[in-house]
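One file, target11.csv, carrying CSV, N, CA and C atoms:
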chain,number,residue,atom,x,y,z
A,74,MET,N,30.0,36.2,-13.9
A,74,MET,CA,29.2,36.8,-12.8
A,74,MET,C,27.8,36.3,-12.8
A,75,LYS,N,27.2,36.2,-14.0
A,75,LYS,CA,25.8,35.7,-14.1
A,75,LYS,C,25.7,34.2,-13.6
A,76,LYS,N,26.8,33.4,-13.9
A,76,LYS,CA,26.8,32.0,-13.4
A,76,LYS,C,26.8,32.0,-11.9
A,77,ILE,N,27.6,32.8,-11.3
A,77,ILE,CA,27.7,32.9,-9.8
A,77,ILE,C,26.4,33.2,-9.2
A,78,MET,N,25.7,34.2,-9.8
A,78,MET,CA,24.4,34.7,-9.2
A,78,MET,C,23.4,33.5,-9.3
A,79,VAL,N,23.4,32.8,-10.4
A,79,VAL,CA,22.5,31.7,-10.6
A,79,VAL,C,22.8,30.6,-9.6
A,80,LEU,N,24.1,30.3,-9.4
A,80,LEU,CA,24.5,29.3,-8.4
A,80,LEU,C,24.0,29.7,-7.0
A,81,VAL,N,24.3,30.9,-6.7
A,81,VAL,CA,23.9,31.4,-5.3
A,81,VAL,C,22.3,31.3,-5.2
A,82,ALA,N,21.6,31.7,-6.2
A,82,ALA,CA,20.1,31.6,-6.1
A,82,ALA,C,19.7,30.2,-6.0
A,83,LEU,N,20.3,29.3,-6.7
A,83,LEU,CA,19.9,27.8,-6.6
A,83,LEU,C,20.2,27.3,-5.2
A,84,VAL,N,21.4,27.7,-4.6
A,84,VAL,CA,21.7,27.2,-3.2
A,84,VAL,C,20.8,27.8,-2.2
A,85,LEU,N,20.4,29.1,-2.3
A,85,LEU,CA,19.5,29.7,-1.4
A,85,LEU,C,18.1,29.0,-1.5
A,86,PHE,N,17.7,28.7,-2.8
A,86,PHE,CA,16.4,28.1,-3.0
A,86,PHE,C,16.4,26.7,-2.3
A,87,ALA,N,17.5,25.9,-2.5
A,87,ALA,CA,17.6,24.6,-1.9
A,87,ALA,C,17.6,24.6,-0.4
A,88,ILE,N,18.3,25.6,0.2
A,88,ILE,CA,18.3,25.7,1.6
A,88,ILE,C,16.9,26.1,2.1
A,89,GLY,N,16.3,27.0,1.5
A,89,GLY,CA,15.0,27.5,1.9
A,89,GLY,C,13.9,26.5,1.7
A,90,SER,N,14.0,25.6,0.8
A,90,SER,CA,12.9,24.7,0.5
A,90,SER,C,13.0,23.4,1.4
A,91,THR,N,14.2,23.1,1.9
A,91,THR,CA,14.4,21.9,2.7
A,91,THR,C,13.4,21.8,3.9
A,92,PRO,N,13.3,22.8,4.8
A,92,PRO,CA,12.4,22.6,5.9
A,92,PRO,C,11.0,22.5,5.5
A,93,VAL,N,10.6,23.1,4.4
A,93,VAL,CA,9.2,22.9,4.0
A,93,VAL,C,8.9,21.5,3.6
A,94,VAL,N,9.8,20.8,2.9
A,94,VAL,CA,9.6,19.4,2.6
A,94,VAL,C,9.6,18.6,3.8
A,95,ALA,N,10.5,18.8,4.7
A,95,ALA,CA,10.5,18.0,6.0
A,95,ALA,C,9.3,18.2,6.8
A,96,SER,N,8.8,19.5,6.8
A,96,SER,CA,7.6,19.8,7.6
A,96,SER,C,6.4,19.1,6.9
A,97,SER,N,6.3,19.1,5.6
A,97,SER,CA,5.2,18.5,4.9
A,97,SER,C,5.2,17.0,5.2
A,98,ASN,N,6.3,16.4,5.3
A,98,ASN,CA,6.4,15.0,5.6
A,98,ASN,C,5.8,14.7,7.0
A,99,LEU,N,6.1,15.6,7.9
A,99,LEU,CA,5.6,15.4,9.3
A,99,LEU,C,4.1,15.6,9.3
A,100,VAL,N,3.6,16.5,8.6
A,100,VAL,CA,2.2,16.7,8.5
A,100,VAL,C,1.5,15.5,7.9
A,101,LYS,N,2.1,15.0,6.8
A,101,LYS,CA,1.6,13.8,6.2
A,101,LYS,C,1.6,12.6,7.1
A,102,GLY,N,2.7,12.4,7.8
A,102,GLY,CA,2.8,11.3,8.8
A,102,GLY,C,1.7,11.5,9.9
A,103,GLN,N,1.5,12.7,10.3
A,103,GLN,CA,0.5,12.9,11.4
A,103,GLN,C,-0.9,12.6,10.9
A,104,LYS,N,-1.2,13.1,9.6
A,104,LYS,CA,-2.5,12.8,9.0
A,104,LYS,C,-2.7,11.3,8.8
A,105,LEU,N,-1.6,10.6,8.4
A,105,LEU,CA,-1.7,9.1,8.2
A,105,LEU,C,-2.0,8.4,9.6
A,106,PHE,N,-1.3,8.9,10.6
A,106,PHE,CA,-1.6,8.3,11.9
A,106,PHE,C,-3.0,8.5,12.3
A,107,LYS,N,-3.5,9.7,12.1
A,107,LYS,CA,-4.9,10.0,12.5
A,107,LYS,C,-5.9,9.1,11.8
A,108,LYS,N,-5.7,9.0,10.5
A,108,LYS,CA,-6.6,8.2,9.6
A,108,LYS,C,-6.5,6.7,9.7
A,109,LYS,N,-5.3,6.2,9.8
A,109,LYS,CA,-5.0,4.8,9.7
A,109,LYS,C,-4.6,4.1,11.0
A,110,PHE,N,-4.1,4.8,11.9
A,110,PHE,CA,-3.6,4.1,13.1
A,110,PHE,C,-4.5,4.4,14.3
A,111,ARG,N,-4.9,5.6,14.5
A,111,ARG,CA,-5.6,6.0,15.7
A,111,ARG,C,-6.7,5.1,16.1
A,112,LYS,N,-7.6,4.8,15.2
A,112,LYS,CA,-8.7,4.0,15.5
A,112,LYS,C,-8.3,2.6,16.0
A,113,SER,N,-7.3,2.0,15.3
A,113,SER,CA,-6.8,0.7,15.7
A,113,SER,C,-6.1,0.7,17.0
A,114,CYS,N,-5.3,1.8,17.2
A,114,CYS,CA,-4.4,1.9,18.4
A,114,CYS,C,-5.2,2.3,19.6
A,115,ARG,N,-6.3,3.1,19.4
A,115,ARG,CA,-7.1,3.6,20.5
A,115,ARG,C,-6.3,4.5,21.4
A,116,PHE,N,-5.3,5.2,20.8
A,116,PHE,CA,-4.7,6.3,21.5
A,116,PHE,C,-4.1,7.2,20.5
A,117,SER,N,-3.6,8.3,21.0
A,117,SER,CA,-3.1,9.4,20.2
A,117,SER,C,-1.7,9.2,19.6
A,118,GLY,N,-1.4,10.0,18.7
A,118,GLY,CA,0.0,10.0,18.1
A,118,GLY,C,1.0,10.3,19.1
A,119,VAL,N,0.7,11.2,20.1
A,119,VAL,CA,1.6,11.5,21.1
A,119,VAL,C,2.1,10.3,21.8
A,120,ARG,N,1.1,9.5,22.3
A,120,ARG,CA,1.4,8.3,23.0
A,120,ARG,C,2.3,7.3,22.2
A,121,PHE,N,1.9,7.2,20.9
A,121,PHE,CA,2.6,6.3,20.0
A,121,PHE,C,4.1,6.7,19.8
A,122,ALA,N,4.3,8.0,19.5
A,122,ALA,CA,5.6,8.5,19.2
A,122,ALA,C,6.5,8.5,20.5
A,123,ARG,N,5.9,8.7,21.6
A,123,ARG,CA,6.7,8.7,22.8
A,123,ARG,C,7.0,7.4,23.5
A,124,TYR,N,6.8,6.3,22.7
A,124,TYR,CA,7.2,5.0,23.2
A,124,TYR,C,8.7,4.9,23.2
A,125,HIS,N,9.3,5.6,22.3
A,125,HIS,CA,10.8,5.5,22.2
A,125,HIS,C,11.4,6.9,22.0
A,126,THR,N,12.7,6.9,22.2
A,126,THR,CA,13.5,8.2,21.9
A,126,THR,C,13.8,8.2,20.4
A,127,GLN,N,14.3,9.4,20.0
A,127,GLN,CA,14.7,9.5,18.6
A,127,GLN,C,15.7,8.5,18.1
A,128,ASP,N,16.7,8.3,19.0
A,128,ASP,CA,17.7,7.3,18.6
A,128,ASP,C,17.1,5.9,18.5
A,129,GLU,N,16.2,5.5,19.4
A,129,GLU,CA,15.6,4.2,19.3
A,129,GLU,C,14.7,4.1,18.1
A,130,TRP,N,13.9,5.1,17.8
A,130,TRP,CA,13.1,5.0,16.5
A,130,TRP,C,14.0,4.9,15.3
A,131,GLU,N,15.1,5.6,15.3
A,131,GLU,CA,16.0,5.5,14.1
A,131,GLU,C,16.6,4.1,14.0
A,132,GLU,N,17.0,3.6,15.1
A,132,GLU,CA,17.6,2.2,15.1
A,132,GLU,C,16.5,1.2,14.6
A,133,ILE,N,15.3,1.3,15.1
A,133,ILE,CA,14.2,0.4,14.7
A,133,ILE,C,14.0,0.5,13.2
A,134,TYR,N,13.9,1.7,12.7
A,134,TYR,CA,13.6,1.9,11.3
A,134,TYR,C,14.7,1.4,10.4
A,135,ASP,N,16.0,1.7,10.8
A,135,ASP,CA,17.1,1.3,10.0
A,135,ASP,C,17.3,-0.2,10.0
A,136,ASP,N,16.9,-0.9,11.1
A,136,ASP,CA,16.9,-2.3,11.1
A,136,ASP,C,15.8,-3.0,10.4
A,137,GLY,N,14.8,-2.2,9.9
A,137,GLY,CA,13.7,-2.7,9.2
A,137,GLY,C,12.6,-3.3,10.1
A,138,LYS,N,12.6,-2.9,11.3
A,138,LYS,CA,11.6,-3.5,12.3
A,138,LYS,C,10.5,-2.5,12.7
A,139,PHE,N,10.4,-1.4,11.9
A,139,PHE,CA,9.4,-0.4,12.3
A,139,PHE,C,8.0,-0.9,12.2
A,140,GLN,N,7.6,-1.7,11.2
A,140,GLN,CA,6.3,-2.2,11.1
A,140,GLN,C,6.0,-3.2,12.2
A,141,LYS,N,7.0,-4.0,12.6
A,141,LYS,CA,6.8,-4.9,13.7
A,141,LYS,C,6.6,-4.2,15.0
A,142,GLU,N,7.4,-3.1,15.2
A,142,GLU,CA,7.3,-2.4,16.4
A,142,GLU,C,5.9,-1.7,16.5
A,143,ALA,N,5.4,-1.2,15.4
A,143,ALA,CA,4.1,-0.5,15.4
A,143,ALA,C,3.0,-1.5,15.7
A,144,LYS,N,3.2,-2.7,15.2
A,144,LYS,CA,2.2,-3.8,15.5
A,144,LYS,C,2.3,-4.2,17.0
A,145,ARG,N,3.5,-4.2,17.6
A,145,ARG,CA,3.7,-4.5,19.0
A,145,ARG,C,3.0,-3.4,19.9
A,146,ILE,N,3.2,-2.1,19.5
A,146,ILE,CA,2.6,-1.0,20.2
A,146,ILE,C,1.1,-1.0,20.0
A,147,CYS,N,0.6,-1.3,18.8
A,147,CYS,CA,-0.8,-1.3,18.5
A,147,CYS,C,-1.2,-2.7,18.0
A,148,PRO,N,-1.5,-3.6,18.9
A,148,PRO,CA,-1.8,-5.0,18.5
A,148,PRO,C,-3.0,-5.1,17.5
A,149,ARG,N,-3.9,-4.2,17.5
A,149,ARG,CA,-5.1,-4.3,16.7
A,149,ARG,C,-4.8,-3.7,15.3
A,150,LEU,N,-3.7,-3.2,15.1
A,150,LEU,CA,-3.3,-2.6,13.8
A,150,LEU,C,-3.2,-3.6,12.7
A,151,LYS,N,-3.9,-3.3,11.6
A,151,LYS,CA,-3.9,-4.3,10.4
A,151,LYS,C,-2.8,-3.8,9.4
A,152,LEU,N,-1.7,-4.4,9.4
A,152,LEU,CA,-0.5,-4.0,8.6
A,152,LEU,C,-0.9,-4.0,7.1
A,153,ASN,N,-1.7,-5.0,6.7
A,153,ASN,CA,-2.1,-5.0,5.3
A,153,ASN,C,-2.9,-3.9,4.8
A,154,LYS,N,-3.5,-3.1,5.7
A,154,LYS,CA,-4.3,-1.9,5.3
A,154,LYS,C,-3.4,-0.7,5.1
A,155,ILE,N,-2.1,-0.8,5.5
A,155,ILE,CA,-1.2,0.4,5.4
A,155,ILE,C,-0.2,0.2,4.2
A,156,LYS,N,-0.3,1.2,3.3
A,156,LYS,CA,0.6,1.1,2.1
A,156,LYS,C,2.1,1.2,2.5
A,157,LYS,N,2.9,0.5,1.7
A,157,LYS,CA,4.3,0.5,2.0
A,157,LYS,C,4.9,1.9,2.0
A,158,SER,N,4.5,2.7,1.1
A,158,SER,CA,5.0,4.1,1.0
A,158,SER,C,4.7,5.0,2.2
A,159,TRP,N,3.6,4.6,3.0
A,159,TRP,CA,3.2,5.4,4.1
A,159,TRP,C,4.1,5.3,5.3
A,160,TRP,N,4.8,4.1,5.4
A,160,TRP,CA,5.6,3.9,6.6
A,160,TRP,C,6.7,4.9,6.8
A,161,LYS,N,7.3,5.4,5.7
A,161,LYS,CA,8.3,6.4,5.9
A,161,LYS,C,7.8,7.7,6.6
A,162,TYR,N,6.6,8.1,6.2
A,162,TYR,CA,6.0,9.3,6.8
A,162,TYR,C,5.6,9.1,8.3
A,163,VAL,N,5.1,7.9,8.6
A,163,VAL,CA,4.8,7.6,10.0
A,163,VAL,C,6.1,7.5,10.8
A,164,TYR,N,7.1,7.0,10.2
A,164,TYR,CA,8.4,7.0,10.9
A,164,TYR,C,8.9,8.4,11.2
A,165,GLU,N,8.9,9.3,10.2
A,165,GLU,CA,9.3,10.6,10.4
A,165,GLU,C,8.5,11.3,11.4
A,166,PHE,N,7.2,11.1,11.5
A,166,PHE,CA,6.4,11.6,12.5
A,166,PHE,C,6.8,11.1,13.9
A,167,SER,N,7.0,9.8,14.0
A,167,SER,CA,7.4,9.2,15.3
A,167,SER,C,8.7,9.7,15.7
A,168,TYR,N,9.7,9.8,14.8
A,168,TYR,CA,11.0,10.3,15.1
A,168,TYR,C,11.0,11.7,15.6
A,169,GLU,N,10.3,12.6,14.9
A,169,GLU,CA,10.2,14.0,15.3
A,169,GLU,C,9.6,14.2,16.7
A,170,TYR,N,8.5,13.5,17.0
A,170,TYR,CA,7.8,13.7,18.2
A,170,TYR,C,8.1,12.6,19.2
A,171,ALA,N,9.2,12.0,19.2
A,171,ALA,CA,9.7,11.0,20.1
A,171,ALA,C,9.8,11.5,21.5
A,172,LYS,N,10.0,10.6,22.5
A,172,LYS,CA,10.1,10.9,23.9
A,172,LYS,C,11.1,12.1,24.2
A,173,ASP,N,12.2,12.2,23.5
A,173,ASP,CA,13.2,13.2,23.7
A,173,ASP,C,13.1,14.4,22.7
A,174,GLY,N,12.0,14.3,21.9
A,174,GLY,CA,11.8,15.4,20.9
A,174,GLY,C,11.3,16.7,21.6
A,175,SER,N,11.4,17.8,20.9
A,175,SER,CA,11.0,19.0,21.5
A,175,SER,C,9.6,19.5,21.1
A,176,ARG,N,9.0,18.8,20.1
A,176,ARG,CA,7.7,19.1,19.5
A,176,ARG,C,6.6,18.2,20.0
A,177,VAL,N,5.4,18.7,20.1
A,177,VAL,CA,4.3,18.0,20.6
A,177,VAL,C,3.2,18.0,19.4
A,178,PRO,N,2.8,16.8,19.0
A,178,PRO,CA,1.8,16.8,17.9
A,178,PRO,C,0.4,17.1,18.4
A,179,HIS,N,-0.4,17.4,17.4
A,179,HIS,CA,-1.8,17.8,17.8
A,179,HIS,C,-2.8,16.7,17.3
A,180,CYS,N,-2.6,15.5,17.8
A,180,CYS,CA,-3.5,14.4,17.4
A,180,CYS,C,-3.7,13.5,18.6

Could you render the structure as structure tokens?
Amino acid sequence: MKKIMVLVALVLFAIGSTPVVASSNLVKGQKLFKKKFRKSCRFSGVRFARYHTQDEWEEIYDDGKFQKEAKRICPRLKLNKIKKSWWKYVYEFSYEYAKDGSRVPHC
């Protein structure tokens, strides 16, 4: 019985913590856009994310063309100034706030 209670507690903890992690990635992506992209792009994260639908962003990211697409959207963007690990967060931000997404960022 004790093992079952521990298992249930672990499952509930895992389910409860998943949205927090996803949400924190979105916040991190939004902050990265504000600090590293916005000045170069000269427009907001809303405009950047809404260039594509969620499916299009997913396809671009899966094909490994996300950096190239970001450079196409923001020609002044200096790719060498953006760390490799940050791209995942910017992608998640772009995916969540895409043209067909239901959320609107505040940047």

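Atom C of A:Ser96 to atom CA of A:Pro148 spans 28.0 Å [interatomic distance, one decimal].
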
Atom C of A:Lys144 to atom CA of A:Val100, distance in Å rounded to a single decimal =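 The value is 22.6 Å.
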
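When all atoms listed in the file are used to compute distances to A:Ser167, the closest of the residues A:His125, A:Lys141, A:Lys108, A:Lys151 turns out to be A:His125.
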
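When atom N of A:Glu131 is paired with atom C of A:Tyr168, their separation reads 7.4 Å.
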
Between A:Ser97, A:Arg145, A:Phe121, A:Gln140, single out the one closest to A:Lys157, counting only C-alpha atoms.
->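 For A:Lys157, the nearest of the given residues is A:Gln140.
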
Out of A:Gln127, A:Phe139, A:Lys109, A:Gly102, which residue has the shortest atom-to-atom distance to A:Ile155 when counting all atoms listed in the file?
->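 When distances to A:Ile155 are compared using all atoms listed in the file, the smallest one comes from A:Lys109.
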
Choose the residue, out of A:Arg120, A:Trp130, A:Lys161, A:Cys147, that has the smallest atom-to-atom separation from A:Leu105; count only C-alpha atoms.
->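 When distances to A:Leu105 are compared using only C-alpha atoms, the smallest one comes from A:Lys161.
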
Any idea what's packed within 7 Å of A:Tyr162, counting only C-alpha atoms, ignoring anything in its chain fewer than 4 positions away? Could you give it as a list in words?
-> Asn98, Leu99, Lys101, Gly102 and Phe166 of chain A

Which one is closest to A:Cys114: A:Arg149, A:Glu165, A:Ile133, A:Asp128? Count all atoms listed in the file.
-> A:Arg149
